[in-house]
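Visitor: Hey, dropping upload-v2.tsv in here, TSV, C-alpha atoms and all ligand atoms:
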chain	number	residue	atom	x	y	z
A	13	MET	CA	-39.01	-28.38	-28.51
A	14	SER	CA	-40.94	-31.55	-29.37
A	15	ALA	CA	-44.71	-31.74	-29.20
A	16	ALA	CA	-46.25	-32.89	-25.92
A	17	PRO	CA	-47.74	-36.42	-25.74
A	18	ASP	CA	-51.53	-36.51	-26.09
A	19	VAL	CA	-52.59	-37.40	-22.54
A	20	VAL	CA	-56.07	-38.95	-22.33
A	21	ARG	CA	-56.47	-39.23	-18.55
A	22	SER	CA	-55.03	-40.09	-15.16
A	23	ALA	CA	-55.00	-43.88	-15.44
A	24	TYR	CA	-53.28	-45.69	-12.59
A	25	VAL	CA	-51.16	-45.19	-9.52
A	26	GLN	CA	-48.54	-47.52	-8.05
A	27	LEU	CA	-48.10	-47.20	-4.29
A	28	ALA	CA	-45.48	-48.88	-2.11
A	29	VAL	CA	-47.22	-50.30	0.99
A	30	THR	CA	-45.70	-51.99	4.04
A	31	ASP	CA	-48.45	-54.57	4.79
A	32	LEU	CA	-50.16	-56.06	1.75
A	33	ALA	CA	-52.81	-57.87	3.83
A	34	ALA	CA	-53.78	-54.71	5.71
A	35	SER	CA	-53.85	-52.79	2.43
A	36	ARG	CA	-56.04	-55.49	0.88
A	37	TRP	CA	-58.53	-55.04	3.73
A	38	PHE	CA	-58.66	-51.28	3.14
A	39	TRP	CA	-58.68	-51.11	-0.67
A	40	VAL	CA	-60.67	-54.31	-1.43
A	41	ASP	CA	-62.87	-55.09	1.57
A	42	MET	CA	-63.64	-51.46	2.54
A	43	LEU	CA	-63.34	-49.50	-0.73
A	44	GLY	CA	-64.77	-52.37	-2.78
A	45	MET	CA	-62.12	-52.40	-5.51
A	46	HIS	CA	-61.91	-55.56	-7.62
A	47	VAL	CA	-58.76	-57.75	-7.64
A	48	GLN	CA	-57.57	-58.20	-11.23
A	49	HIS	CA	-54.40	-60.00	-10.13
A	50	GLU	CA	-52.61	-60.66	-6.87
A	51	ASP	CA	-49.42	-62.38	-5.81
A	52	GLU	CA	-47.11	-62.18	-2.81
A	53	ASP	CA	-45.53	-59.00	-4.12
A	54	ALA	CA	-48.44	-56.90	-5.33
A	55	LEU	CA	-52.17	-56.33	-5.76
A	56	TYR	CA	-53.66	-55.05	-9.05
A	57	LEU	CA	-57.04	-53.41	-8.46
A	58	ARG	CA	-59.73	-51.65	-10.47
A	59	GLY	CA	-63.07	-49.97	-9.93
A	60	SER	CA	-66.40	-51.28	-11.21
A	61	ASP	CA	-66.48	-48.97	-14.23
A	62	GLU	CA	-62.90	-49.63	-15.30
A	63	LEU	CA	-62.26	-51.81	-18.35
A	64	THR	CA	-58.45	-51.71	-18.17
A	65	HIS	CA	-56.33	-54.10	-16.11
A	66	HIS	CA	-55.95	-51.86	-13.07
A	67	SER	CA	-56.07	-48.33	-11.72
A	68	VAL	CA	-54.30	-49.03	-8.41
A	69	VAL	CA	-51.20	-51.19	-7.91
A	70	LEU	CA	-50.13	-51.86	-4.32
A	71	ARG	CA	-46.54	-53.11	-4.16
A	72	ALA	CA	-45.17	-54.67	-0.96
A	73	ALA	CA	-42.16	-52.63	0.22
A	74	PRO	CA	-40.34	-51.73	3.45
A	75	VAL	CA	-41.27	-48.02	3.18
A	76	ALA	CA	-44.60	-46.50	2.12
A	77	ALA	CA	-44.27	-44.08	-0.81
A	78	LEU	CA	-45.51	-43.24	-4.29
A	79	ASP	CA	-43.77	-45.43	-6.88
A	80	HIS	CA	-45.35	-43.57	-9.79
A	81	LEU	CA	-48.44	-41.92	-11.19
A	82	ALA	CA	-49.46	-43.00	-14.70
A	83	TYR	CA	-51.21	-41.17	-17.52
A	84	ARG	CA	-52.67	-43.05	-20.48
A	85	VAL	CA	-51.78	-41.49	-23.83
A	86	ARG	CA	-53.91	-41.62	-26.96
A	87	ALA	CA	-51.61	-43.63	-29.28
A	88	PRO	CA	-48.45	-45.75	-29.09
A	89	GLU	CA	-46.57	-42.91	-30.82
A	90	ASP	CA	-47.34	-40.69	-27.82
A	91	VAL	CA	-45.04	-42.85	-25.70
A	92	ASP	CA	-42.20	-41.84	-28.04
A	93	ARG	CA	-43.36	-38.21	-27.86
A	94	ALA	CA	-43.30	-38.36	-24.06
A	95	GLU	CA	-39.76	-39.75	-24.11
A	96	ARG	CA	-38.56	-36.89	-26.32
A	97	PHE	CA	-40.60	-34.21	-24.47
A	98	PHE	CA	-39.06	-34.99	-21.08
A	99	ALA	CA	-35.55	-35.80	-22.34
A	100	GLU	CA	-35.42	-32.36	-23.99
A	101	ARG	CA	-36.28	-30.82	-20.61
A	102	GLY	CA	-33.40	-32.62	-18.91
A	103	CYS	CA	-35.69	-34.85	-16.84
A	104	PRO	CA	-34.63	-38.40	-15.84
A	105	VAL	CA	-36.23	-40.67	-18.49
A	106	ARG	CA	-36.40	-44.48	-18.65
A	107	ARG	CA	-38.06	-46.54	-21.39
A	108	VAL	CA	-39.95	-49.52	-20.03
A	109	PRO	CA	-40.53	-52.03	-22.86
A	110	ALA	CA	-43.65	-54.21	-22.79
A	111	GLY	CA	-43.23	-57.14	-20.40
A	112	THR	CA	-40.54	-55.47	-18.31
A	113	GLY	CA	-42.65	-53.04	-16.29
A	114	THR	CA	-46.00	-53.12	-14.54
A	115	ARG	CA	-48.09	-56.26	-15.12
A	116	GLY	CA	-50.77	-55.67	-17.76
A	117	VAL	CA	-49.13	-52.51	-19.13
A	118	GLY	CA	-47.41	-52.46	-22.55
A	119	ASP	CA	-44.57	-50.25	-23.83
A	120	ALA	CA	-44.16	-47.24	-21.51
A	121	VAL	CA	-41.80	-44.48	-20.48
A	122	ARG	CA	-41.16	-43.37	-16.92
A	123	VAL	CA	-39.88	-39.94	-16.01
A	124	VAL	CA	-39.26	-37.76	-13.01
A	125	ASP	CA	-41.22	-34.71	-14.11
A	126	PRO	CA	-40.11	-31.08	-13.52
A	127	LEU	CA	-41.97	-31.13	-10.17
A	128	GLY	CA	-39.95	-34.14	-8.97
A	129	VAL	CA	-42.90	-36.52	-9.34
A	130	PRO	CA	-42.36	-40.02	-10.84
A	131	VAL	CA	-44.76	-40.42	-13.76
A	132	GLU	CA	-45.34	-43.14	-16.35
A	133	PHE	CA	-46.85	-42.57	-19.81
A	134	PHE	CA	-48.33	-45.61	-21.57
A	135	HIS	CA	-50.89	-46.54	-24.21
A	136	ASP	CA	-51.26	-50.34	-24.33
A	137	ILE	CA	-52.86	-52.03	-21.33
A	138	ALA	CA	-54.67	-55.35	-20.91
A	139	ARG	CA	-58.47	-55.31	-20.68
A	140	GLY	CA	-60.62	-56.51	-17.80
A	141	GLU	CA	-64.12	-58.01	-17.58
A	142	ARG	CA	-66.98	-55.45	-17.71
A	143	LEU	CA	-68.19	-55.12	-14.10
A	144	ILE	CA	-70.23	-51.92	-14.31
A	145	GLN	CA	-73.53	-53.84	-14.01
A	146	ARG	CA	-72.26	-56.68	-11.86
A	147	TYR	CA	-74.08	-55.15	-8.91
A	148	ASP	CA	-73.68	-58.47	-7.14
A	149	LEU	CA	-69.96	-57.70	-6.91
A	150	HIS	CA	-70.22	-54.05	-5.85
A	151	ARG	CA	-69.44	-53.59	-2.15
A	152	GLY	CA	-68.05	-51.20	0.48
A	153	ALA	CA	-67.50	-47.71	-0.94
A	154	GLN	CA	-68.39	-49.13	-4.38
A	155	ILE	CA	-65.49	-47.33	-6.09
A	156	ALA	CA	-66.27	-46.83	-9.79
A	157	ARG	CA	-62.95	-45.49	-11.09
A	158	LEU	CA	-59.77	-43.55	-10.44
A	159	ASP	CA	-60.57	-39.86	-10.94
A	160	HIS	CA	-57.49	-37.77	-10.07
A	161	TYR	CA	-54.18	-37.23	-8.36
A	162	ASN	CA	-53.36	-34.40	-5.97
A	163	ILE	CA	-49.70	-33.47	-5.57
A	164	CYS	CA	-47.95	-31.04	-3.19
A	165	THR	CA	-45.41	-28.73	-4.77
A	166	PRO	CA	-43.75	-25.53	-3.53
A	167	ASP	CA	-44.08	-23.54	-6.76
A	168	ILE	CA	-47.67	-23.61	-8.02
A	169	PRO	CA	-47.16	-21.10	-10.87
A	170	ALA	CA	-44.31	-23.25	-12.26
A	171	ALA	CA	-46.38	-26.42	-11.79
A	172	TYR	CA	-49.32	-24.76	-13.54
A	173	GLU	CA	-47.12	-23.77	-16.50
A	174	TYR	CA	-45.67	-27.28	-16.71
A	175	TYR	CA	-49.10	-28.89	-16.89
A	176	ARG	CA	-50.28	-26.26	-19.37
A	177	SER	CA	-47.28	-27.24	-21.54
A	178	LEU	CA	-48.66	-30.81	-21.45
A	179	GLY	CA	-51.97	-29.49	-22.82
A	180	PHE	CA	-53.95	-29.61	-19.56
A	181	GLY	CA	-56.81	-27.16	-19.04
A	182	CYS	CA	-57.39	-25.38	-15.74
A	183	SER	CA	-60.88	-25.76	-14.23
A	184	GLU	CA	-60.48	-23.92	-10.91
A	185	THR	CA	-57.90	-22.08	-8.80
A	186	ILE	CA	-57.50	-20.71	-5.28
A	187	GLU	CA	-55.83	-17.32	-5.39
A	188	GLY	CA	-54.68	-14.60	-2.99
A	189	GLU	CA	-54.05	-10.95	-3.95
A	190	HIS	CA	-50.80	-12.00	-5.69
A	191	GLU	CA	-50.48	-15.72	-4.83
A	192	LEU	CA	-51.64	-18.90	-6.57
A	193	TYR	CA	-52.35	-21.42	-3.79
A	194	ALA	CA	-53.81	-24.30	-5.82
A	195	ALA	CA	-54.93	-25.26	-9.33
A	196	TRP	CA	-57.05	-28.06	-10.77
A	197	MET	CA	-55.88	-29.29	-14.17
A	198	PHE	CA	-57.65	-31.58	-16.63
A	199	ARG	CA	-57.34	-33.60	-19.82
A	200	LYS	CA	-60.54	-35.66	-19.47
A	201	PRO	CA	-63.59	-33.30	-19.54
A	202	THR	CA	-64.17	-33.19	-15.76
A	203	VAL	CA	-62.73	-30.95	-13.04
A	204	HIS	CA	-59.30	-32.54	-12.88
A	205	ASP	CA	-56.86	-35.30	-13.57
A	206	VAL	CA	-54.37	-33.63	-11.28
A	207	ALA	CA	-54.65	-31.00	-8.55
A	208	LEU	CA	-51.65	-28.87	-7.59
A	209	THR	CA	-51.59	-28.07	-3.87
A	210	HIS	CA	-49.06	-25.60	-2.49
A	211	GLY	CA	-46.70	-26.96	0.12
A	212	PRO	CA	-43.35	-28.65	0.65
A	213	GLY	CA	-42.84	-31.20	-2.10
A	214	PRO	CA	-42.79	-33.29	-4.10
A	215	TYR	CA	-45.36	-35.24	-2.12
A	216	LEU	CA	-48.43	-37.23	-3.18
A	217	HIS	CA	-51.28	-35.52	-1.34
A	218	HIS	CA	-53.99	-37.99	-2.32
A	219	ILE	CA	-55.59	-40.21	-4.89
A	220	GLY	CA	-59.19	-39.29	-5.80
A	221	MET	CA	-61.43	-42.32	-6.40
A	222	ALA	CA	-64.90	-41.70	-7.85
A	223	THR	CA	-68.22	-43.24	-6.86
A	224	HIS	CA	-71.46	-42.62	-8.73
A	225	GLU	CA	-73.59	-41.28	-5.86
A	226	SER	CA	-73.16	-39.12	-2.76
A	227	HIS	CA	-74.93	-41.73	-0.62
A	228	GLN	CA	-71.99	-44.03	-1.35
A	229	VAL	CA	-69.66	-41.40	0.15
A	230	LEU	CA	-71.84	-41.31	3.28
A	231	HIS	CA	-72.01	-45.12	3.38
A	232	THR	CA	-68.20	-45.24	3.25
A	233	ALA	CA	-67.97	-43.19	6.44
A	234	ASP	CA	-70.73	-45.29	8.04
A	235	ILE	CA	-68.98	-48.63	7.46
A	236	PHE	CA	-65.66	-47.35	8.86
A	237	GLY	CA	-67.58	-46.10	11.92
A	238	ALA	CA	-69.59	-49.31	12.24
A	239	LEU	CA	-66.37	-51.35	12.40
A	240	GLY	CA	-64.69	-49.08	14.94
A	241	LYS	CA	-62.22	-48.00	12.25
A	242	GLU	CA	-63.28	-44.34	12.29
A	243	HIS	CA	-59.63	-43.32	12.74
A	244	HIS	CA	-59.24	-43.97	9.00
A	245	ILE	CA	-61.62	-41.04	8.32
A	246	GLU	CA	-59.59	-37.83	8.15
A	247	ARG	CA	-61.85	-35.10	6.67
A	248	GLY	CA	-65.55	-34.94	5.80
A	249	PRO	CA	-67.96	-36.13	4.52
A	250	GLY	CA	-68.78	-32.78	3.00
A	251	ARG	CA	-69.34	-30.72	-0.12
A	252	HIS	CA	-66.34	-29.10	-1.78
A	253	GLY	CA	-66.42	-25.51	-2.94
A	254	VAL	CA	-63.78	-26.20	-5.59
A	255	SER	CA	-65.17	-28.92	-7.93
A	256	ASN	CA	-68.60	-29.00	-6.19
A	257	ALA	CA	-67.85	-32.65	-5.44
A	258	PHE	CA	-69.21	-34.53	-2.42
A	259	TYR	CA	-66.27	-36.08	-0.58
A	260	VAL	CA	-64.73	-37.93	2.30
A	261	TYR	CA	-60.96	-38.28	2.86
A	262	LEU	CA	-59.56	-41.49	4.28
A	263	ARG	CA	-56.08	-42.62	5.28
A	264	ASP	CA	-55.08	-46.16	4.34
A	265	PRO	CA	-53.03	-48.35	6.74
A	266	ASP	CA	-49.80	-46.67	5.57
A	267	GLY	CA	-51.30	-43.18	5.76
A	268	HIS	CA	-51.74	-42.83	1.98
A	269	ARG	CA	-54.66	-40.41	1.60
A	270	VAL	CA	-57.64	-41.51	-0.51
A	271	GLU	CA	-60.55	-39.26	-1.40
A	272	VAL	CA	-63.91	-40.86	-2.16
A	273	TYR	CA	-65.39	-38.29	-4.53
A	274	THR	CA	-68.52	-37.81	-6.62
A	275	SER	CA	-70.63	-35.25	-8.52
A	276	ASP	CA	-68.16	-32.85	-10.04
A	277	TYR	CA	-68.95	-31.36	-13.46
A	278	PHE	CA	-68.26	-31.23	-17.23
A	279	THR	CA	-65.37	-29.05	-18.46
A	280	GLY	CA	-65.15	-30.16	-22.09
A	281	ASP	CA	-66.37	-27.06	-23.96
A	282	PRO	CA	-63.60	-25.28	-25.92
A	283	ASP	CA	-64.46	-21.94	-24.30
A	284	TYR	CA	-64.55	-23.26	-20.71
A	285	GLU	CA	-63.32	-20.50	-18.36
A	286	THR	CA	-61.40	-21.15	-15.12
A	287	HIS	CA	-63.42	-20.57	-11.96
A	288	ARG	CA	-61.28	-18.61	-9.47
A	289	TRP	CA	-61.75	-18.79	-5.67
A	290	ASN	CA	-60.41	-16.19	-3.25
A	291	VAL	CA	-58.26	-17.81	-0.56
A	292	HIS	CA	-60.30	-15.86	2.05
A	293	ASP	CA	-63.59	-17.40	0.88
A	294	ASP	CA	-64.53	-19.82	3.67
A	295	ARG	CA	-66.48	-21.98	1.19
A	296	ARG	CA	-63.53	-22.73	-1.12
A	297	ARG	CA	-62.50	-26.09	0.33
A	298	ASP	CA	-65.73	-26.95	2.13
A	299	PHE	CA	-68.83	-25.26	0.69
A	300	TRP	CA	-70.55	-25.40	4.08
A	301	GLY	CA	-67.60	-23.64	5.77
A	302	ASN	CA	-66.49	-26.66	7.79
A	303	ALA	CA	-62.92	-26.48	9.06
A	304	VAL	CA	-60.09	-28.20	7.18
A	305	ILE	CA	-58.21	-30.39	9.64
A	306	GLU	CA	-54.52	-29.46	10.03
A	307	SER	CA	-53.26	-32.91	8.95
A	308	TRP	CA	-54.93	-32.40	5.55
A	309	TYR	CA	-52.55	-29.50	4.92
A	310	LYS	CA	-49.48	-30.91	6.62
A	311	GLU	CA	-49.30	-34.67	5.88
A	312	ALA	CA	-48.71	-36.47	2.57
A	313	SER	CA	-46.91	-39.46	1.01
A	314	PRO	CA	-43.24	-39.23	-0.02
A	315	VAL	CA	-42.35	-40.07	-3.61
A	316	HIS	CA	-39.66	-42.30	-5.16
A	317	ASP	CA	-37.28	-41.53	-8.00
A	318	LEU	CA	-36.91	-44.01	-10.88
A	319	ASP	CA	-34.63	-46.21	-8.74
A	320	GLY	CA	-36.91	-46.36	-5.72
A	321	ARG	CA	-35.03	-43.77	-3.66
A	322	LEU	CA	-37.05	-41.15	-1.75
A	323	GLN	CA	-36.96	-37.75	-3.43
A	324	PRO	CA	-35.58	-34.74	-1.50
A	325	ILE	CA	-38.17	-32.20	-0.35
A	326	ALA	CA	-38.19	-28.44	-1.13
A	327	GLU	CA	-40.06	-26.12	1.25
A	328	GLY	CA	-42.83	-23.77	0.09
A	329	ASN	CA	-43.30	-20.08	0.98
A	330	LEU	CA	-47.09	-19.95	1.54
A	331	ASP	CA	-49.15	-21.36	4.43
A	332	GLU	CA	-52.81	-21.66	3.49
A	333	SER	CA	-53.51	-23.50	6.75
A	334	SER	CA	-52.88	-20.24	8.59
A	335	ILE	CA	-55.81	-18.72	6.66
A	336	LYS	CA	-58.86	-19.77	8.63
A	337	VAL	CA	-61.64	-21.67	6.91
A	338	GLY	CA	-65.19	-21.38	8.14
A	339	ALA	CA	-65.88	-22.72	11.62
A	340	ASP	CA	-62.20	-22.67	12.49
A	341	GLY	CA	-62.27	-18.89	11.90
A	342	LEU	CA	-65.07	-18.10	14.35
A	343	GLY	CA	-63.07	-15.21	15.76
A	344	ILE	CA	-63.50	-13.42	12.46
A	345	VAL	CA	-66.52	-11.11	12.63
A	346	LYS	CA	-67.59	-10.22	9.11
A	347	PRO	CA	-68.38	-6.53	8.70
A	348	SER	CA	-72.23	-6.12	8.57
B	1	LIG	O1	-60.48	-33.14	-5.53
B	1	LIG	C1	-60.53	-32.07	-4.88
B	1	LIG	C2	-61.52	-31.10	-5.06
B	1	LIG	C3	-61.63	-29.99	-4.22
B	1	LIG	C4	-60.73	-29.83	-3.15
B	1	LIG	S1	-60.93	-28.52	-2.06
B	1	LIG	O2	-60.63	-29.02	-0.71
B	1	LIG	O3	-62.33	-28.07	-2.19
B	1	LIG	O4	-60.01	-27.48	-2.48
B	1	LIG	C5	-59.71	-30.70	-2.94
B	1	LIG	C6	-59.44	-31.80	-3.92
B	1	LIG	O5	-58.32	-31.45	-4.69
B	1	LIG	O6	-59.21	-33.01	-3.21
B	2	FE	FE	-59.22	-34.56	-4.57
Let's see the structure in the file written out as structure tokens.
Guide:
Amino acid sequence: MSAAPDVVRSAYVQLAVTDLAASRWFWVDMLGMHVQHEDEDALYLRGSDELTHHSVVLRAAPVAALDHLAYRVRAPEDVDRAERFFAERGCPVRRVPAGTGTRGVGDAVRVVDPLGVPVEFFHDIARGERLIQRYDLHRGAQIARLDHYNICTPDIPAAYEYYRSLGFGCSETIEGEHELYAAWMFRKPTVHDVALTHGPGPYLHHIGMATHESHQVLHTADIFGALGKEHHIERGPGRHGVSNAFYVYLRDPDGHRVEVYTSDYFTGDPDYETHRWNVHDDRRRDFWGNAVIESWYKEASPVHDLDGRLQPIAEGNLDESSIKVGADGLGIVKPS
């Protein structure tokens, strides 16, 4: 088997959206992302810290879905490695030469990975103006950068092994007596580039967008409330157990879930050890024991194959939502 490509980080996501103007309001006016390019077909957005052309592409389409996730690889040769790595595993693979794919991105390869998720691997991408200290342009949620993807898949052990084969580390897990419910996997030295959430799949559960400060997470919820758009707030604000991050989950106009996320931690030491949560620990998903709303477990975005067709869904065999979390488990009296 060929060597895995050297993945640097989760780099950009392309989402199909049904109303580009409504999406622009959510992702630009409310989240504060910067428009690198826009036309009648798509928006190319980036956060204030991001020096590459975009981290979010919103493509106008009749049906909302994930077009593809994208990982940046360390060198142009890693695009070739990715092509061989996935072709040898029998995955659908399509080379996307520079100028024929996503605006701003150079030579790339797109695959449907073993989990059924459409993923692009690229190295070359156009640069953008440095906005990190253009505080005059920071607004709304003041999104700094794309941080991670979260995908739903019915076989977490297999998904974990696949991402390990790509050289990802594992920062945290949620485990039962014999079951693996979720895993957080990283290439960049933070908690994750991708989280694996058990459930029917493949689905895109959410995109995690980082801010610098927890007060920006609170301000995000405040501005949605102030505008009478509180229905876009799905879960939180709160403090995660897993990752220790401060968070709020939002739903965009198509229902794509976006997490505004800050204050996780460094995982870059060579002897970093996975932190394991018990599925019965009420603090695992919300450190203060707040309930996890049912929709967070049950709703997610469908994903396309390489030709834009919706992928079939396989059911899972675990139901974490039936395991009470915190306040929603008040009937449980802990033994004294
Ligand atoms: O980024 C994340 C960090 C932690 C959690 S959890 O709800 O604490 O498991 C979910 C999450 O994957 O969105
Ligand atoms: Fe997340």
Visitor: May I ask which of the residues A:Leu322, A:Ala72, A:Gly267, A:Val121 is the closest one to Glu52 (chain A), counting all atoms listed in the file?
Guide: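 Looking only at the distances to Glu52 (chain A), the closest residue turns out to be A:Ala72.
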Visitor: At a cut-off of 7 Å around ligand LIG 1 (chain B), and using all atoms listed in the file, what residues come up? Please write them as number ranges by chain.
Guide: A: 162, 207, 220, 252-255, 257, 271, 296-298
Visitor: Please identify the residues whose atoms come within 12 Å of ligand FE 2 (chain B), using only C-alpha atoms and all ligand atoms, and report them as number ranges by chain.
Guide: A: 158-164, 194-197, 203-209, 216-222, 247, 251-262, 269-274, 276, 297, 308
Visitor: Listed atoms of region 220-231 of chain A, axis-aligned box, 4 Å per side: centre and edge lengths to one decimal in Å, as JSON?
Guide:
{"center_x": -67.1, "center_y": -42.1, "center_z": -2.7, "size_x": 23.7, "size_y": 14.0, "size_z": 20.1}
Visitor: So, with all atoms listed in the file as the atoms that count, which of A:Ala15, A:Glu187, A:Ala303, A:Asp125 lies closest to Pro104 (chain A)?
Guide: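 Result for the nearest residue to Pro104 (chain A): A:Asp125.
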Visitor: Using CA of Ala82 (chain A) and CA of Leu27 (chain A) as the two end points, give the distance in Å to one decimal.
Guide: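 Computing it gives 11.3 Å between the two atoms.
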Visitor: Find the residue from A:Ile235, A:Val20, A:Leu318, A:Ala153 that sits nearest to Trp39 (chain A); use all atoms listed in the file when measuring.
Guide: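 Nearest to Trp39 (chain A): A:Ala153.
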Visitor: When you count only C-alpha atoms, which of these residues is closest to Asp148 (chain A): A:Ala23, A:Leu330, A:Asp79, A:Gly44?
Guide: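 Nearest to Asp148 (chain A): A:Gly44.
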Visitor: Would you mind reading off the distance between CA of Phe38 (chain A) and CA of Pro265 (chain A), one decimal, in Å?
Guide: 7.3 Å
Visitor: Can you fill out region 245-262 of chain A with N, CA, C and O atoms and hand it back as a PDB file, keeping the file's coordinate frame?
Guide:
ATOM      1  N   ILE A 245     -60.927 -42.195   8.920  1.00  0.00           N
ATOM      2  CA  ILE A 245     -61.620 -41.040   8.320  1.00  0.00           C
ATOM      3  C   ILE A 245     -60.878 -39.778   8.747  1.00  0.00           C
ATOM      4  O   ILE A 245     -60.754 -39.520   9.954  1.00  0.00           O
ATOM      5  N   GLU A 246     -60.388 -39.012   7.790  1.00  0.00           N
ATOM      6  CA  GLU A 246     -59.590 -37.830   8.150  1.00  0.00           C
ATOM      7  C   GLU A 246     -60.410 -36.538   8.038  1.00  0.00           C
ATOM      8  O   GLU A 246     -60.322 -35.662   8.901  1.00  0.00           O
ATOM      9  N   ARG A 247     -61.173 -36.386   6.912  1.00  0.00           N
ATOM     10  CA  ARG A 247     -61.850 -35.100   6.670  1.00  0.00           C
ATOM     11  C   ARG A 247     -63.144 -35.377   5.925  1.00  0.00           C
ATOM     12  O   ARG A 247     -63.178 -36.122   4.965  1.00  0.00           O
ATOM     13  N   GLY A 248     -64.241 -34.728   6.419  1.00  0.00           N
ATOM     14  CA  GLY A 248     -65.550 -34.940   5.800  1.00  0.00           C
ATOM     15  C   GLY A 248     -66.300 -36.089   6.452  1.00  0.00           C
ATOM     16  O   GLY A 248     -65.896 -36.544   7.514  1.00  0.00           O
ATOM     17  N   PRO A 249     -67.403 -36.514   5.814  1.00  0.00           N
ATOM     18  CA  PRO A 249     -67.960 -36.130   4.520  1.00  0.00           C
ATOM     19  C   PRO A 249     -68.355 -34.652   4.447  1.00  0.00           C
ATOM     20  O   PRO A 249     -68.652 -34.025   5.464  1.00  0.00           O
ATOM     21  N   GLY A 250     -68.357 -34.158   3.208  1.00  0.00           N
ATOM     22  CA  GLY A 250     -68.780 -32.780   3.000  1.00  0.00           C
ATOM     23  C   GLY A 250     -68.898 -32.468   1.532  1.00  0.00           C
ATOM     24  O   GLY A 250     -68.748 -33.357   0.689  1.00  0.00           O
ATOM     25  N   ARG A 251     -69.201 -31.200   1.261  1.00  0.00           N
ATOM     26  CA  ARG A 251     -69.340 -30.720  -0.120  1.00  0.00           C
ATOM     27  C   ARG A 251     -68.196 -29.751  -0.375  1.00  0.00           C
ATOM     28  O   ARG A 251     -68.021 -28.772   0.354  1.00  0.00           O
ATOM     29  N   HIS A 252     -67.425 -30.012  -1.427  1.00  0.00           N
ATOM     30  CA  HIS A 252     -66.340 -29.100  -1.780  1.00  0.00           C
ATOM     31  C   HIS A 252     -66.894 -27.790  -2.369  1.00  0.00           C
ATOM     32  O   HIS A 252     -67.891 -27.818  -3.110  1.00  0.00           O
ATOM     33  N   GLY A 253     -66.167 -26.693  -2.124  1.00  0.00           N
ATOM     34  CA  GLY A 253     -66.420 -25.510  -2.940  1.00  0.00           C
ATOM     35  C   GLY A 253     -65.812 -25.756  -4.318  1.00  0.00           C
ATOM     36  O   GLY A 253     -66.516 -25.928  -5.312  1.00  0.00           O
ATOM     37  N   VAL A 254     -64.453 -25.860  -4.330  1.00  0.00           N
ATOM     38  CA  VAL A 254     -63.780 -26.200  -5.590  1.00  0.00           C
ATOM     39  C   VAL A 254     -64.263 -27.582  -6.050  1.00  0.00           C
ATOM     40  O   VAL A 254     -64.305 -28.521  -5.258  1.00  0.00           O
ATOM     41  N   SER A 255     -64.687 -27.673  -7.270  1.00  0.00           N
ATOM     42  CA  SER A 255     -65.170 -28.920  -7.930  1.00  0.00           C
ATOM     43  C   SER A 255     -66.625 -29.237  -7.671  1.00  0.00           C
ATOM     44  O   SER A 255     -67.223 -30.021  -8.409  1.00  0.00           O
ATOM     45  N   ASN A 256     -67.201 -28.708  -6.578  1.00  0.00           N
ATOM     46  CA  ASN A 256     -68.600 -29.000  -6.190  1.00  0.00           C
ATOM     47  C   ASN A 256     -68.793 -30.468  -5.806  1.00  0.00           C
ATOM     48  O   ASN A 256     -69.915 -30.914  -5.571  1.00  0.00           O
ATOM     49  N   ALA A 257     -67.707 -31.210  -5.698  1.00  0.00           N
ATOM     50  CA  ALA A 257     -67.850 -32.650  -5.440  1.00  0.00           C
ATOM     51  C   ALA A 257     -68.234 -32.906  -3.978  1.00  0.00           C
ATOM     52  O   ALA A 257     -67.890 -32.133  -3.076  1.00  0.00           O
ATOM     53  N   PHE A 258     -68.928 -34.024  -3.765  1.00  0.00           N
ATOM     54  CA  PHE A 258     -69.210 -34.530  -2.420  1.00  0.00           C
ATOM     55  C   PHE A 258     -68.075 -35.476  -2.064  1.00  0.00           C
ATOM     56  O   PHE A 258     -67.649 -36.268  -2.915  1.00  0.00           O
ATOM     57  N   TYR A 259     -67.551 -35.400  -0.859  1.00  0.00           N
ATOM     58  CA  TYR A 259     -66.270 -36.080  -0.580  1.00  0.00           C
ATOM     59  C   TYR A 259     -66.183 -36.620   0.828  1.00  0.00           C
ATOM     60  O   TYR A 259     -66.891 -36.182   1.736  1.00  0.00           O
ATOM     61  N   VAL A 260     -65.278 -37.577   1.000  1.00  0.00           N
ATOM     62  CA  VAL A 260     -64.730 -37.930   2.300  1.00  0.00           C
ATOM     63  C   VAL A 260     -63.268 -38.324   2.060  1.00  0.00           C
ATOM     64  O   VAL A 260     -62.956 -38.961   1.048  1.00  0.00           O
ATOM     65  N   TYR A 261     -62.377 -37.894   2.955  1.00  0.00           N
ATOM     66  CA  TYR A 261     -60.960 -38.280   2.860  1.00  0.00           C
ATOM     67  C   TYR A 261     -60.662 -39.350   3.894  1.00  0.00           C
ATOM     68  O   TYR A 261     -61.042 -39.223   5.055  1.00  0.00           O
ATOM     69  N   LEU A 262     -59.961 -40.370   3.438  1.00  0.00           N
ATOM     70  CA  LEU A 262     -59.560 -41.490   4.280  1.00  0.00           C
ATOM     71  C   LEU A 262     -58.047 -41.592   4.269  1.00  0.00           C
ATOM     72  O   LEU A 262     -57.394 -41.081   3.367  1.00  0.00           O
TER      73      LEU A 262
END
